[in-house]
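A.B. asks: Next comes target_31.cif, mmCIF, C-alpha atoms:
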data_entry
loop_
_atom_site.label_atom_id
_atom_site.label_comp_id
_atom_site.auth_asym_id
_atom_site.auth_seq_id
_atom_site.Cartn_x
_atom_site.Cartn_y
_atom_site.Cartn_z
CA MET K 12 85.01 36.67 155.41
CA ALA K 13 83.50 40.09 155.60
CA GLU K 14 79.79 40.27 155.65
CA GLN K 15 78.24 41.90 152.66
CA ALA K 16 75.56 44.37 153.46
CA VAL K 17 72.58 44.40 151.15
CA ILE K 18 71.30 47.91 150.73
CA ALA K 19 67.79 48.19 149.44
CA ARG K 20 66.99 51.27 147.45
CA PRO K 21 64.03 53.13 148.88
CA ARG K 22 60.94 52.99 146.71
CA ARG K 23 59.50 56.33 145.78
CA LEU K 24 55.81 56.79 146.33
CA GLY K 25 53.92 56.37 143.11
CA ALA K 26 57.00 55.22 141.17
CA SER K 27 56.01 51.55 141.04
CA SER K 28 52.57 52.08 139.63
CA THR K 29 52.32 52.81 135.96
CA ALA K 30 49.19 54.07 134.33
CA PRO K 31 47.40 51.38 132.32
CA VAL K 32 47.60 51.91 128.58
CA PRO K 33 44.12 52.68 127.21
CA GLY K 34 42.78 50.23 124.65
CA SER K 35 42.91 51.05 120.97
CA PRO K 36 39.83 52.77 119.52
CA LEU K 37 40.26 50.78 116.31
CA ARG K 38 38.61 47.71 117.78
CA ALA K 39 35.48 49.67 118.70
CA LEU K 40 35.47 51.36 115.29
CA GLY K 41 35.69 47.96 113.63
CA ALA K 42 32.72 46.79 115.67
CA ALA K 43 30.81 49.92 114.64
CA GLY K 44 31.51 49.14 110.98
CA LEU K 45 30.18 45.61 111.37
CA LEU K 46 27.07 46.92 113.12
CA VAL K 47 26.37 49.30 110.23
CA LEU K 48 26.56 46.35 107.82
CA ALA K 49 24.30 44.30 110.09
CA LEU K 50 21.74 47.12 110.22
CA ALA K 51 21.70 47.41 106.44
CA ALA K 52 21.37 43.63 106.08
CA VAL K 53 18.46 43.37 108.54
CA TRP K 54 16.52 46.15 106.85
CA ALA K 55 17.21 44.87 103.34
CA LEU K 56 16.24 41.29 104.18
CA ALA K 57 13.07 42.32 106.02
CA GLU K 58 11.92 44.57 103.16
CA LEU K 59 13.35 43.21 99.93
CA VAL K 60 13.37 39.42 100.38
CA PRO K 61 9.80 38.07 100.21
CA VAL K 62 10.56 34.91 102.19
CA VAL K 63 12.10 36.88 105.06
CA HIS K 64 9.32 39.48 104.77
CA LEU K 65 6.71 36.80 105.35
CA ARG K 66 8.74 34.99 107.99
CA ASP K 67 8.98 38.19 109.97
CA ALA K 68 5.19 38.30 110.21
CA ILE K 69 4.89 34.57 111.00
CA VAL K 70 7.33 34.82 113.92
CA LEU K 71 5.43 37.80 115.31
CA SER K 72 2.16 35.89 115.06
CA GLU K 73 3.68 32.95 116.93
CA PHE K 74 4.85 35.21 119.74
CA THR K 75 1.41 36.77 120.13
CA THR K 76 -0.03 33.35 120.98
CA LEU K 77 1.88 33.61 124.27
CA ASN K 78 -0.20 36.61 125.32
CA ARG K 79 -2.22 35.89 128.43
CA PRO K 80 -4.15 38.17 130.83
CA GLY K 81 -1.53 37.60 133.54
CA ILE K 82 1.34 38.36 131.17
CA ALA K 83 0.16 41.45 129.31
CA SER K 84 -0.07 43.78 132.32
CA PRO K 85 3.47 43.16 133.67
CA LEU K 86 4.91 43.46 130.18
CA GLU K 87 3.10 46.73 129.52
CA PHE K 88 4.35 48.07 132.87
CA LEU K 89 7.90 47.10 131.96
CA LEU K 90 7.67 48.75 128.55
CA HIS K 91 6.13 51.93 129.92
CA LEU K 92 9.23 52.32 132.10
CA LEU K 93 10.90 53.33 128.82
CA ASP K 94 8.48 56.20 128.16
CA PRO K 95 10.35 59.49 127.51
CA PRO K 96 9.92 61.08 130.99
CA LEU K 97 11.17 57.97 132.80
CA PHE K 98 13.86 57.35 130.21
CA ILE K 99 15.24 60.82 130.93
CA LEU K 100 15.29 60.02 134.66
CA TRP K 101 17.23 56.78 134.06
CA ALA K 102 19.67 58.71 131.86
CA ILE K 103 20.23 61.35 134.56
CA ALA K 104 20.80 58.62 137.15
CA LEU K 105 23.44 56.87 135.02
CA ILE K 106 25.21 60.14 134.24
CA ALA K 107 25.21 61.05 137.93
CA LEU K 108 26.65 57.63 138.79
CA ALA K 109 29.52 58.15 136.35
CA LEU K 110 30.21 61.62 137.73
CA ALA K 111 30.12 60.33 141.29
CA GLY K 112 32.85 57.88 140.33
CA GLU K 113 34.94 60.75 138.95
CA ARG K 114 34.52 59.55 135.36
CA PRO K 115 33.38 62.61 133.42
CA ARG K 116 34.32 61.08 130.07
CA SER K 117 32.12 58.06 130.73
CA ALA K 118 29.34 60.44 131.74
CA ALA K 119 29.71 62.24 128.40
CA ALA K 120 29.67 58.90 126.56
CA VAL K 121 26.48 57.86 128.36
CA ALA K 122 24.80 61.19 127.61
CA SER K 123 25.72 60.85 123.92
CA VAL K 124 24.47 57.28 123.56
CA LEU K 125 21.20 57.88 125.40
CA ALA K 126 20.49 60.98 123.33
CA LEU K 127 21.63 59.88 119.87
CA ALA K 128 20.45 56.25 119.79
CA PRO K 129 16.71 56.96 120.33
CA LEU K 130 16.94 60.03 118.10
CA THR K 131 18.41 57.91 115.30
CA SER K 132 15.63 55.35 115.56
CA GLU K 133 12.90 57.98 115.47
CA HIS K 134 14.42 59.68 112.43
CA LEU K 135 14.88 56.40 110.56
CA LYS K 136 11.28 55.19 110.96
CA PRO K 137 9.58 57.47 108.41
CA ARG K 138 12.53 57.32 106.03
CA VAL K 139 12.74 53.55 105.69
CA ALA K 140 9.08 52.70 106.27
CA HIS K 141 7.76 49.69 104.38
CA GLN K 142 4.53 47.75 104.48
CA HIS K 143 4.67 44.59 106.61
CA ASP K 144 3.00 41.30 105.85
CA SER K 145 0.10 40.40 108.11
CA VAL K 146 -0.59 36.95 109.53
CA GLY K 147 -3.90 36.41 111.31
CA TYR K 148 -5.19 39.49 113.10
CA VAL K 149 -1.73 40.98 113.75
CA SER K 150 -0.92 44.17 111.85
CA ILE K 151 2.00 46.55 112.40
CA ASN K 152 2.33 50.14 111.16
CA ALA K 153 4.65 50.58 108.18
CA ALA K 154 6.87 53.13 109.99
CA SER K 155 8.04 50.78 112.73
CA TRP K 156 11.71 50.02 111.92
CA PRO K 157 13.72 50.21 114.10
CA SER K 158 11.94 49.81 117.42
CA GLY K 159 12.37 52.83 119.68
CA HIS K 160 11.63 50.75 122.78
CA ALA K 161 14.26 48.16 121.87
CA THR K 162 16.73 50.96 121.16
CA ALA K 163 16.05 52.60 124.52
CA ALA K 164 16.27 49.33 126.46
CA MET K 165 19.57 48.30 124.85
CA ALA K 166 21.06 51.77 125.25
CA LEU K 167 20.22 51.85 128.96
CA ALA K 168 21.61 48.34 129.45
CA LEU K 169 24.91 49.11 127.73
CA CYS K 170 25.33 52.41 129.57
CA ALA K 171 24.63 50.71 132.90
CA VAL K 172 27.46 48.27 132.21
CA LEU K 173 29.76 51.12 131.18
CA VAL K 174 29.30 53.13 134.38
CA ALA K 175 29.17 50.18 136.79
CA PRO K 176 32.17 49.68 139.09
CA ARG K 177 34.57 47.10 137.67
CA ARG K 178 33.85 44.49 140.34
CA LEU K 179 30.11 44.72 139.71
CA ARG K 180 30.19 44.72 135.91
CA PRO K 181 29.61 40.97 135.43
CA LEU K 182 26.49 41.11 137.62
CA VAL K 183 25.24 44.30 135.96
CA ALA K 184 25.84 42.76 132.52
CA VAL K 185 23.74 39.70 133.40
CA VAL K 186 20.88 41.80 134.81
CA ALA K 187 21.03 44.17 131.83
CA GLY K 188 21.00 41.26 129.38
CA VAL K 189 17.94 39.72 131.02
CA TYR K 190 16.24 43.12 130.99
CA VAL K 191 16.82 43.57 127.25
CA LEU K 192 15.68 40.01 126.53
CA VAL K 193 12.42 40.37 128.49
CA THR K 194 11.73 43.76 126.95
CA SER K 195 12.34 42.44 123.43
CA VAL K 196 10.09 39.42 123.94
CA GLY K 197 7.44 41.68 125.47
CA LEU K 198 7.38 43.86 122.35
CA LEU K 199 6.62 40.77 120.27
CA ILE K 200 4.09 39.19 122.61
CA LEU K 201 2.13 42.45 122.76
CA ALA K 202 2.52 42.92 118.98
CA TRP K 203 4.07 46.35 119.33
CA HIS K 204 6.80 45.61 116.79
CA MET K 205 8.02 43.14 114.20
CA PRO K 206 11.02 40.93 115.09
CA SER K 207 13.14 42.82 112.56
CA ASP K 208 12.17 46.08 114.29
CA VAL K 209 13.45 44.80 117.62
CA ILE K 210 16.72 43.56 116.10
CA GLY K 211 17.18 46.91 114.37
CA GLY K 212 16.69 48.81 117.63
CA ILE K 213 19.24 46.66 119.44
CA LEU K 214 21.76 47.21 116.64
CA ILE K 215 21.22 50.99 116.65
CA ALA K 216 21.99 51.23 120.38
CA SER K 217 25.01 48.94 120.01
CA LEU K 218 26.32 51.04 117.12
CA TRP K 219 26.24 54.26 119.14
CA MET K 220 27.85 52.55 122.12
CA ALA K 221 30.67 51.25 119.89
CA LEU K 222 31.25 54.78 118.58
CA ALA K 223 31.17 56.19 122.12
CA VAL K 224 33.71 53.62 123.31
CA ALA K 225 35.96 54.45 120.35
CA ALA K 226 35.80 58.14 121.24
CA LEU K 227 36.44 57.32 124.89
CA ARG K 228 39.53 55.25 124.06
CA ALA K 229 40.88 57.91 121.70
CA SER K 230 40.38 60.57 124.37
CA GLU K 231 42.15 58.47 127.00
CA ARG K 232 45.11 57.96 124.67
CA ALA K 233 45.36 61.61 123.73
CA PHE K 234 44.79 62.92 127.25
CA PRO K 235 45.56 60.15 129.79
CA PRO K 236 43.48 60.41 132.96
CA LYS K 237 45.37 61.37 136.11
CA GLN K 238 46.28 58.39 138.29
CA PRO K 239 45.62 58.54 142.04
CA ARG K 240 48.75 58.94 144.15
CA SER K 241 49.82 55.78 146.00
#
Show this structure as structure tokens.
C.D. replies:
Amino acid sequence: MAEQAVIARPRRLGASSTAPVPGSPLRALGAAGLLVLALAAVWALAELVPVVHLRDAIVLSEFTTLNRPGIASPLEFLLHLLDPPLFILWAIALIALALAGERPRSAAAVASVLALAPLTSEHLKPRVAHQHDSVGYVSINAASWPSGHATAAMALALCAVLVAPRRLRPLVAVVAGVYVLVTSVGLLILAWHMPSDVIGGILIASLWMALAVAALRASERAFPPKQPRS
């Protein structure tokens, strides 16, 4: 019986690898819509519902009881890391990291989020200002919603996760989450903001990140990034 020769077709370089299909922007847009509703709900409850209005002040007062001489200084140091000059430096570092990884679209997304999220919070404060209840000696300025510090912390955390290399994203996400949590608690312990202010700031940053991700996905679908040659 004659032997049958098996001829393998040569594989062309780059032919076996197909570019991954970018995710749909609709999911991120849906998340953005939910975040807008959440923002409206937090503000409305904190201002228009008397029970929530009072509870907001009670929770703040309870957090201030945790203030101790050994706690205040580290918390203030952590919060001052979000002051505008340093915030700009962190933003430049994250943008540079994205560019170093040859991800200009991610760099543009980071620049947009870190510019628009804090700007939104600062413009909302005087427009939605309302008088807060006061429990004990704690009193917060009427124009405090949403918290600019909480917005900045959450925006930096989300952008850090976005630009992190894929293999390091879980670790970066954990560190970023702890950072936002400590910062948020610090704002309450030091009585810089109401709890509703902090929640509002976190939602503002998340909203802009959802919109940035939607734009990023739409851009990747319209103009697929070039794949490295194998």
A.B. asks: If you apply the PyMOL selection byres ((chain K and resi 216) around 12) to this file, what residues do you get, as a PyMOL selection string?
C.D. replies: chain K and resi 43+46-47+50+121+123-132+157-170+191+209-215+217-223
A.B. asks: Give as a list of chain:residue names the residues that the PyMOL selection byres ((chain K and resi 74) around 9) matches when applied to the coordinates above.
C.D. replies: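 When the PyMOL selection byres ((chain K and resi 74) around 9) is applied to the shown file, the picked residues are K:Ile69, K:Val70, K:Leu71, K:Ser72, K:Glu73, K:Thr75, K:Thr76, K:Leu77, K:Asn78, K:Val196, K:Leu199, K:Ile200, K:Leu201, K:Ala202.
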A.B. asks: Written as a list in words, what is the full residue list that the PyMOL selection byres ((chain K and resi 135-143) around 10) yields on the file shown?
C.D. replies: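 Answer for the PyMOL selection byres ((chain K and resi 135-143) around 10): Trp54, Ala57, Glu58, Leu59, His64, Leu65, Asp67, Ala68, Pro129, Leu130, Thr131, Ser132, Glu133, His134, Asp144, Ser145, Val146, Ser150, Ile151, Asn152, Ala153, Ala154, Ser155, Trp156, Pro157, Ser158, Gly159, Met205 and Asp208 of chain K.
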A.B. asks: Taking into account all atoms listed in the file, which residue in the set K:Ala225, K:Ala184, K:Val172, K:Val60 is nearest to Ala109 (chain K)?
C.D. replies: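 Selected residue with least distance to Ala109 (chain K): K:Val172.
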A.B. asks: Counting all atoms listed in the file, figure out which residue out of K:Gly112, K:Gly197, K:Ser117, K:Ile106 gets nearest to Ser84 (chain K).
C.D. replies: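 Smallest distance to Ser84 (chain K) is found for K:Gly197.
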A.B. asks: For the atom pair CA of Ala55 (chain K) and CA of Ser207 (chain K), what is the interatomic distance in Å to one decimal place?
C.D. replies: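 CA of Ala55 (chain K) sits 10.3 Å away from CA of Ser207 (chain K).
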A.B. asks: Pick the closest to Ser195 (chain K) from K:Glu87, K:Ala175, K:Ala119, K:Ala226: which is it, counting only C-alpha atoms?
C.D. replies: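 Nearest to Ser195 (chain K): K:Glu87.
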